[in-house]
Amino acid sequence: MIGKAIYALIIDTDNGVGDTIGTRCYPMTAPQGAEYPCVTYEPSPPQPSDTKHGPSTLDVQPTEVVIYSRKFSEAEDIASTLRAMFDRYSGTVATVPIQSVQFQNQSYEHYPEIELYAIVQQYQFRLPRDLSVVITGEPLEALNLERLANVTINDPIDRQTLAYDEASGEWINDGAGSISIPVFNNSNDDIVPGRPLSAVGAQGDRISVEPYQTAYGPLRFVGIAGETIPGRSNGHATVYGEIRGLDTSNFPVGTLLYPLEGVNATFYPFGLFTWIEGTNSSPLVCAIVTRQQQNTGRIFVRMWSPGYRNNLDRLDDVVISNPYQGALLRYDSTSSDWRTPPQTSKTILEGATETVEIYYYSITTDTQQFRTAQSDTPSAGNKIVRKIWYSTTAQADIDSGSWTLLETLADNATYADLVDAFEDQLKTSPGGDTPVSIKTTWEDVTAFTGLLDTYSGAAAAYSLRLLDSDYTGSAIRVRRASDNAEQDIGFDANGDLDTTALATFCSGTDGFVKIWYDQANSNDATQTVTGDQPKIYDSTNGVIEDGIAGNEKPAIYFDGSTHVKNSMSLVNQPITISHVVAIQSYGAVNYMFDSDPTNTNRVFIGTATTRNWRFFAGTTATSTTGAPLSQVVLTGVFDGSGSELFVDNTSILSASVGSNGLSDLFIGTKNDGTLGIIGNCQELIVYPSNQDTAGNRTGIETNINDYYNIYTP
Amino acid sequence: MTYIIVLPVGVLTSETRAKQITRELYNITVPLAVQAEYQKDGTVFGVVKHPDGVQHALQVDPAYIIPVHPQANLEKLVSMFPDLTDTERVTLQGYIHTQEQFPFGAIVPSTTTLRDHEYMVANGWFPENEEI
């Protein structure tokens, strides 16, 4: 066979000789009249060789190649090319595998009578033995797997695979492309072929199995018995591939099979399977019938089949009953499964005669499942806060979803109040968004206690913080400069001025206070003249604030002529007025507040030309202490000869200042709108009583200082 | 603090004229046609009444910024100043209509005198500050 390999190599034009030789390559001798140049080759018989461990699998076959040409140079060129091609060659040529070729020697011959030159080359070809003859004389071609000592194959079929059998120590055929796992029959009875198996433990390296029981759960289903497994003995479970010799007479080819539920102690022959379309609730499709026959029936096992023909409700953690159009699954943490809530709005479309273009609805439960009413009674010192939130996400995560506050009910609103408010909100779309999800929250939080809750009885109280937990009005009414539009600004959840709403309303323009609402009575301080309204928001710097760094609080800026005023009726002495102000620069004189333009019922506090504090209730009294250019708590007690002025809880002046009462309060200027404070004001409270002798003044000032952090107590 | 003493003109008393001027200044920002109910009485500057009961003055801030509404009608405002020439009226209206906003001081007629608080006190508009 080596000859056809040599011939193929020489005439191959890709190897550099074929172009010159053409097909003039001959075994043994060239035929009579052959043209030159040409080549002859003559293989010698193969020579077997031995190795230390026995006969080699390779034979050596010496071969002589002769190049003939009329020209010596041409013969040399061909000889050189042939040597380069053959020497150390390895590969398969013309179906002949060549392990290697070794060049041995070369000689020259000349035939002058016929003007012919010849170059003789000797090679050794090493060939696999199966292409030769084994030394025993028997052709290797006759060998096959089943002749090997540790291989046992019975009736192999197309695509047969071998599996190692631990018991016999042999390789055996194991079904058509099948995969089996070693198991141990944990029961005392035999397990017949075709029986589905459940894992119940382990026995050495084997899975302990028993006939499949639904009670074990689908995840313990490990395979199908492919052989009879005696009780308390080893065997195999097929997890993939064909099982033969079963009674499949009841099942046409193509029937999908899964374990029959309820098979427990009683053992069945094959017949454990039924139609997947039946009422069986087992989730495991495990095999398909490939031959319907009573004795030689076959099934193909495929343990982990795709979900073809399976349904969601066959999953263990899914419970679906009476599904309806658009139903959604929702996780139920109580039963730890996914289920569809009952439909409550199904009738919306029933009986409709119009063509429905858009159908949107939210599903609610009627089982109280998500309605867990909390207590309406707050803990001691606390209050109940109920809020309604919405999300534009369907079934938004109740804890971490993106929720927008829709409404905060009044403190201590009851559950019944909440339900009413909730249903009212369902009837309206909040803020132009679609409230796909709505939830309510309940909090039992520390109740807000304002200054007026502790020290009640004020005749008027103005502040940019909430002073009274019962007060439900706004803090201020703000006019924005760009279009003179107005809006009330209230308090946030902490009782602070709702600066977010203020910034939103005044964004990009200045904001001025038109009304400073009275949180104690109805003596609102107003300024309708826009040029005289004090400023609360700056178009560039935002909300005006005052206070030490880190504790800045919203403040109203008065420029010396801006002011607000009320029309409060006469309040007779004694009177206590606490005021939070911050003078930024001095005018000739500066009135912090004043009253009654008729000068009849007039009291005021201001700074004199000396910049010392001065207060008045018919008679002026001036302190020896200068008014600082900083935030202070200023308290004037007007009580005839017992009048006293305090700055930051320190008495700076005791004097008789007259007995005038107070009416028509001006905050920020003198009672003619002039000579006002140039600076900020944040709070002013009028008590129709002497809060100093009542023992409350320090408490009031401490309350103020706790919030504004003005002085060191 | 700055004041403009408003003189009576024709049938317009000092008080009427002062109140109409401050009202019309408000209307520049929010014309009557688009005013909300709470804006029906809006004014820009306060009116100060002399103790004699006759003279009235506007308490003005020349730096006060007046935004201009695109629909602002200035006819009534300029009519408050009959002593202006036609050219001055056209110039005033043209200036306002070309601004998005302007400081009040920019439209004060050259013939108008601004008074300070001391002047007003000295001329009996306000009592001396004997209290302070």
# chains A, B, ... in the order shown; residues from 1 in each chain; ligands from 1
>>> interface_residues(of="chain B", to="chain A", cutoff="7 Å", atoms="only C-alpha atoms", output="ChimeraX atom specification")
/B:1,29-30,42-46,64,67,131-132
>>> residues_around(residues="Arg477 of chain A", least_positions_apart="3", cutoff="12 Å", atoms="only C-alpha atoms", output="MDAnalysis selection string")
(chainID A and resid 464 473:474 480 484:490 497:498 501:502 505:506 511:518 524:528 533:536 564) or (chainID B and resid 38)
>>> write_last_selection(atoms="N, CA and C atoms", output="compact mmCIF listing (two decimals), in the first residue's frame")
# COMPACT_ATOMS: atom_id res chain seq x y z
N LEU A 464 -42.14 82.13 62.43
CA LEU A 464 -41.89 81.32 61.24
C LEU A 464 -41.74 79.85 61.63
N GLY A 473 -53.43 76.82 60.71
CA GLY A 473 -53.28 77.77 59.61
C GLY A 473 -51.86 77.81 59.07
N SER A 474 -51.63 78.77 58.22
CA SER A 474 -50.32 78.94 57.61
C SER A 474 -49.47 79.88 58.45
N ARG A 480 -45.06 87.03 45.35
CA ARG A 480 -43.83 87.00 44.57
C ARG A 480 -43.80 88.19 43.63
N ASN A 484 -46.86 89.38 41.17
CA ASN A 484 -47.67 89.74 42.33
C ASN A 484 -48.64 88.63 42.74
N ALA A 485 -48.39 87.40 42.29
CA ALA A 485 -49.21 86.28 42.75
C ALA A 485 -48.91 86.01 44.22
N GLU A 486 -49.89 85.46 44.92
CA GLU A 486 -49.74 85.24 46.35
C GLU A 486 -50.03 83.78 46.71
N GLN A 487 -49.41 83.33 47.77
CA GLN A 487 -49.66 81.96 48.22
C GLN A 487 -49.37 81.85 49.72
N ASP A 488 -50.19 81.09 50.40
CA ASP A 488 -49.94 80.81 51.81
C ASP A 488 -48.83 79.78 51.94
N ILE A 489 -47.94 80.00 52.88
CA ILE A 489 -46.87 79.05 53.17
C ILE A 489 -47.04 78.57 54.60
N GLY A 490 -47.11 77.28 54.77
CA GLY A 490 -47.34 76.72 56.09
C GLY A 490 -46.09 76.12 56.70
N LEU A 497 -40.99 76.29 59.06
CA LEU A 497 -41.56 76.89 57.86
C LEU A 497 -41.33 75.97 56.67
N ASP A 498 -42.34 75.80 55.85
CA ASP A 498 -42.21 74.91 54.69
C ASP A 498 -41.42 75.65 53.61
N ALA A 501 -41.92 74.58 49.88
CA ALA A 501 -43.04 75.21 49.18
C ALA A 501 -42.72 76.67 48.86
N LEU A 502 -42.04 77.33 49.78
CA LEU A 502 -41.68 78.73 49.56
C LEU A 502 -40.74 78.86 48.36
N PHE A 505 -42.56 78.26 45.09
CA PHE A 505 -43.44 79.36 44.68
C PHE A 505 -42.64 80.57 44.19
N CYS A 506 -41.53 80.85 44.84
CA CYS A 506 -40.77 82.08 44.53
C CYS A 506 -39.58 81.82 43.60
N GLY A 511 -39.57 87.18 47.03
CA GLY A 511 -40.83 86.92 47.72
C GLY A 511 -40.97 87.83 48.92
N PHE A 512 -42.16 88.33 49.13
CA PHE A 512 -42.40 89.29 50.22
C PHE A 512 -43.59 88.84 51.06
N VAL A 513 -43.56 89.21 52.32
CA VAL A 513 -44.63 88.80 53.23
C VAL A 513 -45.77 89.81 53.15
N LYS A 514 -46.91 89.31 52.75
CA LYS A 514 -48.10 90.15 52.75
C LYS A 514 -48.85 90.00 54.07
N ILE A 515 -48.89 88.78 54.58
CA ILE A 515 -49.57 88.54 55.85
C ILE A 515 -48.69 87.66 56.74
N TRP A 516 -48.53 88.09 57.96
CA TRP A 516 -47.89 87.23 58.97
C TRP A 516 -49.03 86.80 59.88
N TYR A 517 -49.37 85.53 59.76
CA TYR A 517 -50.57 85.05 60.45
C TYR A 517 -50.38 84.95 61.95
N ASP A 518 -51.42 85.31 62.66
CA ASP A 518 -51.44 85.23 64.12
C ASP A 518 -51.80 83.80 64.51
N ASP A 524 -54.05 88.94 62.47
CA ASP A 524 -53.03 88.80 61.44
C ASP A 524 -52.38 90.15 61.13
N ALA A 525 -51.08 90.14 60.97
CA ALA A 525 -50.34 91.35 60.62
C ALA A 525 -50.18 91.40 59.11
N THR A 526 -50.64 92.49 58.50
CA THR A 526 -50.78 92.54 57.05
C THR A 526 -50.07 93.76 56.47
N GLN A 527 -49.65 93.65 55.25
CA GLN A 527 -49.14 94.79 54.51
C GLN A 527 -49.59 94.64 53.04
N THR A 528 -50.53 95.46 52.62
CA THR A 528 -51.04 95.34 51.25
C THR A 528 -50.24 96.18 50.25
N GLN A 533 -43.80 95.79 51.86
CA GLN A 533 -43.80 94.42 52.37
C GLN A 533 -42.37 93.94 52.66
N PRO A 534 -42.15 93.36 53.82
CA PRO A 534 -40.81 92.84 54.15
C PRO A 534 -40.51 91.60 53.31
N LYS A 535 -39.25 91.31 53.18
CA LYS A 535 -38.80 90.28 52.24
C LYS A 535 -38.55 88.94 52.97
N ILE A 536 -38.94 87.87 52.31
CA ILE A 536 -38.72 86.53 52.89
C ILE A 536 -37.91 85.64 51.95
N VAL A 564 -45.31 95.09 58.74
CA VAL A 564 -46.66 94.54 58.73
C VAL A 564 -47.36 95.05 59.98
N TYR B 38 -57.71 88.88 45.11
CA TYR B 38 -56.88 89.48 46.16
C TYR B 38 -55.96 90.58 45.65
>>> closest_residue(among="B:Val68, B:Val54, B:Leu12, B:Leu32", to="Phe102 of chain B", atoms="only C-alpha atoms")
B:Val68
>>> atom_distance(atom1="atom CA of Ala493 of chain A", atom2="atom CA of Gly450 of chain A")
13.0 Å
>>> residues_around(residues="Val78 of chain B", least_positions_apart="4", cutoff="12 Å", atoms="only C-alpha atoms", output="list of chain:residue names")
B:Arg17, B:Gln20, B:Ile21, B:Glu24, B:Leu25, B:Ile28, B:Asn73, B:Leu74, B:Pro82, B:Asp83, B:Leu84, B:Thr85, B:Asp86, B:Thr87, B:Glu88, B:Arg89, B:Val90, B:Thr91, B:Leu92, B:Gln93, B:Gly94, B:Ile96, B:Ile107, B:Val108, B:Pro109
>>> write_last_selection(atoms="N, CA and C atoms", output="PDB file, in the first residue's frame")
ATOM      1  N   ARG B  17     -55.022 111.619  43.614  1.00  0.00           N
ATOM      2  CA  ARG B  17     -53.958 111.417  42.628  1.00  0.00           C
ATOM      3  C   ARG B  17     -52.879 110.461  43.166  1.00  0.00           C
ATOM      4  N   GLN B  20     -54.221 106.922  43.076  1.00  0.00           N
ATOM      5  CA  GLN B  20     -54.339 106.390  41.717  1.00  0.00           C
ATOM      6  C   GLN B  20     -52.962 106.055  41.128  1.00  0.00           C
ATOM      7  N   ILE B  21     -51.981 106.892  41.464  1.00  0.00           N
ATOM      8  CA  ILE B  21     -50.634 106.618  40.928  1.00  0.00           C
ATOM      9  C   ILE B  21     -50.097 105.301  41.481  1.00  0.00           C
ATOM     10  N   GLU B  24     -51.954 102.456  39.875  1.00  0.00           N
ATOM     11  CA  GLU B  24     -51.578 102.206  38.480  1.00  0.00           C
ATOM     12  C   GLU B  24     -50.186 101.586  38.369  1.00  0.00           C
ATOM     13  N   LEU B  25     -49.323 101.951  39.314  1.00  0.00           N
ATOM     14  CA  LEU B  25     -48.003 101.308  39.307  1.00  0.00           C
ATOM     15  C   LEU B  25     -48.148  99.797  39.544  1.00  0.00           C
ATOM     16  N   ILE B  28     -49.199  97.827  36.430  1.00  0.00           N
ATOM     17  CA  ILE B  28     -48.184  97.559  35.408  1.00  0.00           C
ATOM     18  C   ILE B  28     -47.748  96.085  35.470  1.00  0.00           C
ATOM     19  N   ASN B  73     -51.349  98.352  30.541  1.00  0.00           N
ATOM     20  CA  ASN B  73     -51.933  99.539  29.903  1.00  0.00           C
ATOM     21  C   ASN B  73     -51.502 100.770  30.701  1.00  0.00           C
ATOM     22  N   LEU B  74     -50.777 101.665  30.050  1.00  0.00           N
ATOM     23  CA  LEU B  74     -50.171 102.780  30.759  1.00  0.00           C
ATOM     24  C   LEU B  74     -50.943 104.089  30.597  1.00  0.00           C
ATOM     25  N   PRO B  82     -50.673 115.316  33.905  1.00  0.00           N
ATOM     26  CA  PRO B  82     -51.119 116.169  32.796  1.00  0.00           C
ATOM     27  C   PRO B  82     -50.093 117.213  32.387  1.00  0.00           C
ATOM     28  N   ASP B  83     -49.130 117.443  33.291  1.00  0.00           N
ATOM     29  CA  ASP B  83     -48.138 118.447  32.929  1.00  0.00           C
ATOM     30  C   ASP B  83     -47.075 117.906  31.990  1.00  0.00           C
ATOM     31  N   LEU B  84     -47.122 116.586  31.712  1.00  0.00           N
ATOM     32  CA  LEU B  84     -46.153 116.024  30.765  1.00  0.00           C
ATOM     33  C   LEU B  84     -46.539 116.407  29.345  1.00  0.00           C
ATOM     34  N   THR B  85     -45.546 116.656  28.530  1.00  0.00           N
ATOM     35  CA  THR B  85     -45.821 116.915  27.119  1.00  0.00           C
ATOM     36  C   THR B  85     -46.151 115.608  26.442  1.00  0.00           C
ATOM     37  N   ASP B  86     -46.732 115.725  25.227  1.00  0.00           N
ATOM     38  CA  ASP B  86     -47.058 114.513  24.480  1.00  0.00           C
ATOM     39  C   ASP B  86     -45.804 113.683  24.230  1.00  0.00           C
ATOM     40  N   THR B  87     -44.742 114.364  23.910  1.00  0.00           N
ATOM     41  CA  THR B  87     -43.487 113.651  23.647  1.00  0.00           C
ATOM     42  C   THR B  87     -43.018 112.896  24.885  1.00  0.00           C
ATOM     43  N   GLU B  88     -43.139 113.569  26.027  1.00  0.00           N
ATOM     44  CA  GLU B  88     -42.706 112.915  27.264  1.00  0.00           C
ATOM     45  C   GLU B  88     -43.597 111.700  27.582  1.00  0.00           C
ATOM     46  N   ARG B  89     -44.881 111.819  27.292  1.00  0.00           N
ATOM     47  CA  ARG B  89     -45.782 110.680  27.543  1.00  0.00           C
ATOM     48  C   ARG B  89     -45.424 109.491  26.646  1.00  0.00           C
ATOM     49  N   VAL B  90     -45.193 109.791  25.370  1.00  0.00           N
ATOM     50  CA  VAL B  90     -44.829 108.712  24.443  1.00  0.00           C
ATOM     51  C   VAL B  90     -43.516 108.077  24.864  1.00  0.00           C
ATOM     52  N   THR B  91     -42.584 108.918  25.261  1.00  0.00           N
ATOM     53  CA  THR B  91     -41.283 108.393  25.687  1.00  0.00           C
ATOM     54  C   THR B  91     -41.430 107.510  26.919  1.00  0.00           C
ATOM     55  N   LEU B  92     -42.264 107.952  27.871  1.00  0.00           N
ATOM     56  CA  LEU B  92     -42.462 107.194  29.093  1.00  0.00           C
ATOM     57  C   LEU B  92     -43.097 105.833  28.784  1.00  0.00           C
ATOM     58  N   GLN B  93     -44.142 105.856  27.982  1.00  0.00           N
ATOM     59  CA  GLN B  93     -44.813 104.594  27.648  1.00  0.00           C
ATOM     60  C   GLN B  93     -43.892 103.665  26.861  1.00  0.00           C
ATOM     61  N   GLY B  94     -43.158 104.270  25.942  1.00  0.00           N
ATOM     62  CA  GLY B  94     -42.241 103.461  25.142  1.00  0.00           C
ATOM     63  C   GLY B  94     -41.175 102.805  25.993  1.00  0.00           C
ATOM     64  N   ILE B  96     -41.367 101.990  29.208  1.00  0.00           N
ATOM     65  CA  ILE B  96     -41.928 100.923  30.049  1.00  0.00           C
ATOM     66  C   ILE B  96     -42.223  99.679  29.208  1.00  0.00           C
ATOM     67  N   ILE B 107     -38.643 106.192  36.090  1.00  0.00           N
ATOM     68  CA  ILE B 107     -39.771 106.856  35.423  1.00  0.00           C
ATOM     69  C   ILE B 107     -40.242 108.087  36.188  1.00  0.00           C
ATOM     70  N   VAL B 108     -39.499 108.445  37.187  1.00  0.00           N
ATOM     71  CA  VAL B 108     -39.887 109.654  37.930  1.00  0.00           C
ATOM     72  C   VAL B 108     -39.613 110.870  37.038  1.00  0.00           C
ATOM     73  N   PRO B 109     -40.627 111.669  36.768  1.00  0.00           N
ATOM     74  CA  PRO B 109     -40.431 112.841  35.903  1.00  0.00           C
ATOM     75  C   PRO B 109     -39.353 113.773  36.447  1.00  0.00           C
TER      76      PRO B 109
END
>>> select_by_dssp(residues="segment 203-236 of chain A", states="strand (DSSP E)", output="PyMOL selection string")
chain A and resi 203+206-211+221-225+234-236
>>> write_last_selection(atoms="N, CA and C atoms", output="compact mmCIF listing (two decimals), in the first residue's frame")
# COMPACT_ATOMS: atom_id res chain seq x y z
N GLN A 203 -26.40 6.15 50.79
CA GLN A 203 -25.82 4.89 51.27
C GLN A 203 -24.43 4.81 50.64
N ARG A 206 -23.82 6.10 47.06
CA ARG A 206 -25.05 5.98 46.30
C ARG A 206 -26.19 6.75 46.96
N ILE A 207 -27.09 7.17 46.12
CA ILE A 207 -28.31 7.81 46.62
C ILE A 207 -29.27 6.71 47.06
N SER A 208 -29.76 6.80 48.26
CA SER A 208 -30.79 5.86 48.71
C SER A 208 -32.12 6.28 48.12
N VAL A 209 -32.83 5.34 47.54
CA VAL A 209 -34.07 5.68 46.87
C VAL A 209 -35.19 4.78 47.35
N GLU A 210 -36.37 5.29 47.17
CA GLU A 210 -37.58 4.51 47.38
C GLU A 210 -38.54 4.88 46.26
N PRO A 211 -39.55 4.04 46.03
CA PRO A 211 -40.52 4.39 44.98
C PRO A 211 -41.08 5.79 45.22
N PHE A 221 -37.35 13.82 43.36
CA PHE A 221 -37.49 12.90 42.24
C PHE A 221 -36.15 12.82 41.51
N VAL A 222 -35.50 11.64 41.53
CA VAL A 222 -34.13 11.56 41.03
C VAL A 222 -33.98 10.75 39.75
N GLY A 223 -34.97 9.96 39.41
CA GLY A 223 -34.80 9.18 38.19
C GLY A 223 -35.81 8.05 38.12
N ILE A 224 -35.63 7.19 37.11
CA ILE A 224 -36.54 6.08 36.89
C ILE A 224 -35.72 4.80 36.86
N ALA A 225 -36.22 3.78 37.57
CA ALA A 225 -35.49 2.50 37.61
C ALA A 225 -35.38 1.93 36.21
N ASN A 234 -28.10 -2.58 45.60
CA ASN A 234 -27.67 -1.54 44.67
C ASN A 234 -28.34 -1.70 43.32
N GLY A 235 -28.45 -0.63 42.61
CA GLY A 235 -29.00 -0.66 41.25
C GLY A 235 -28.75 0.68 40.58
N HIS A 236 -29.51 0.94 39.53
CA HIS A 236 -29.30 2.19 38.79
C HIS A 236 -30.62 2.85 38.47
>>> residues_around(residues="Pro51 of chain B", least_positions_apart="5", cutoff="8 Å", atoms="only C-alpha atoms", output="ChimeraX atom specification")
/B:124-126
>>> select_by_dssp(residues="segment 6-110 of chain B", states="helix (DSSP H, G or I)", output="PyMOL selection string")
chain B and resi 14-29+32-34+37-39+75-79+86-97+104-107
>>> residues_around(residues="segment 61-65 of chain A", least_positions_apart="5", cutoff="8 Å", atoms="only C-alpha atoms", output="PDB file with C-alpha atoms, in the first residue's frame")
ATOM      1  CA  VAL A  39      10.722   8.214 -11.702  1.00  0.00           C
ATOM      2  CA  THR A  40      10.480   4.604 -10.579  1.00  0.00           C
ATOM      3  CA  TYR A  41      10.009   3.330  -7.029  1.00  0.00           C
ATOM      4  CA  GLU A  42      10.448  -0.105  -5.555  1.00  0.00           C
ATOM      5  CA  PRO A  43       9.306  -0.869  -1.962  1.00  0.00           C
ATOM      6  CA  SER A  44      10.960  -3.756  -0.152  1.00  0.00           C
ATOM      7  CA  PRO A  45       8.949  -6.037   2.188  1.00  0.00           C
ATOM      8  CA  PRO A  46       8.047  -4.439   5.562  1.00  0.00           C
ATOM      9  CA  GLN A  47      10.334  -5.227   8.472  1.00  0.00           C
ATOM     10  CA  VAL A 120      19.138   6.216  -7.030  1.00  0.00           C
ATOM     11  CA  GLN A 121      17.774   7.235  -3.590  1.00  0.00           C
ATOM     12  CA  GLN A 122      17.109   4.926  -0.635  1.00  0.00           C
ATOM     13  CA  TYR A 123      14.392   5.744   1.923  1.00  0.00           C
ATOM     14  CA  GLN A 124      12.912   4.049   4.959  1.00  0.00           C
ATOM     15  CA  PHE A 125       9.133   4.444   5.462  1.00  0.00           C
ATOM     16  CA  ARG A 126       7.687   3.784   8.951  1.00  0.00           C
ATOM     17  CA  LEU A 127       4.062   2.677   8.788  1.00  0.00           C
TER      18      LEU A 127
END
>>> residues_around(residues="segment 569-572 of chain A", least_positions_apart="4", cutoff="10 Å", atoms="only C-alpha atoms", output="list in words")
Ala459, Asn523, Asp596, Asn601, Arg602, Phe638, Asp639, Ser659, Asn660, Gly661, Leu662, Ser663, Asp664, Leu665, Val686, Tyr687, Pro688 and Ser689 of chain A
>>> atom_distance(atom1="atom CA of Ala421 of chain A", atom2="atom CA of Ile388 of chain A")
8.3 Å
>>> atom_distance(atom1="atom CA of Phe86 of chain A", atom2="atom CA of Ala30 of chain A")
20.7 Å
>>> residues_around(residues="segment 696-701 of chain A", least_positions_apart="6", cutoff="8 Å", atoms="only C-alpha atoms", output="list in words")
Leu451, Tyr455, Ser578, Val633, Asp648 and Asn649 of chain A
